[in-house]
Amino acid sequence: MTTSAAGQPLIPQPPATVAALRQAISQIAPAALPAFTRELDQAADQSRQGSDLAPLQRFIAQWAAYVHVQRHPDAAADLRRWENAAKSGDAAQVRQAASEIGRILDEAHAAIGLPAR
């Protein structure tokens, strides 16, 4: 993964298109590419079956938010830490982790101009 100057994003936020998001993920989180491809295929299938663009729109929004977080190493590390804490089994810690994960994702959605989840 590329390093960044303190607090600076690793790359600019890409446009919310499949091609731009795929390119960004290949740069900052290449291990996520198989999940990106699998989820894109699922969203495309759902869209075709239902003659509805909503599954593709949700896919784009989800991955645009993911890229936004991953562009910021500190935010990405916080998200991973809270995701791990959510697996602890301790109810209070799981609630706090869920709240913090929601906050990080809400901030990402707001930063890229998407409505809160």
# chains A, B, ... in the order shown; residues from 1 in each chain; ligands from 1

$ residues_around --residues "stretch 53-58 of chain A" --least-positions-apart "4" --cutoff "7 Å" --atoms "only C-alpha atoms" --output "PyMOL selection string"
chain A and resi 43-44+46-47+62

$ closest_atom_pairs --of "stretch 20-51 of chain A" --to "stretch 63-83 of chain A" --cutoff "10 Å" --atoms "only C-alpha atoms" --output "Markdown table"
| residue | atom | partner | partner_atom | distance |
| --- | --- | --- | --- | --- |
| A:Ala20 | CA | A:Ala64 | CA | 9.5 |
| A:Leu21 | CA | A:Ala64 | CA | 6.7 |
| A:Arg22 | CA | A:Trp63 | CA | 9.0 |
| A:Ala24 | CA | A:Val67 | CA | 7.1 |
| A:Ile25 | CA | A:Val67 | CA | 6.7 |
| A:Gln27 | CA | A:Arg71 | CA | 9.7 |
| A:Ile28 | CA | A:Gln70 | CA | 6.8 |
| A:Ala29 | CA | A:Gln70 | CA | 7.2 |
| A:Ala32 | CA | A:Tyr66 | CA | 10.0 |
| A:Phe36 | CA | A:Trp63 | CA | 7.7 |
| A:Glu39 | CA | A:Trp63 | CA | 9.7 |
| A:Leu40 | CA | A:Trp63 | CA | 9.8 |

$ select_by_dssp --residues "stretch 23-115 of chain A" --states "helix (DSSP H, G or I)" --output "PyMOL selection string"
chain A and resi 23-28+30-50+54-70+73-86+91-111
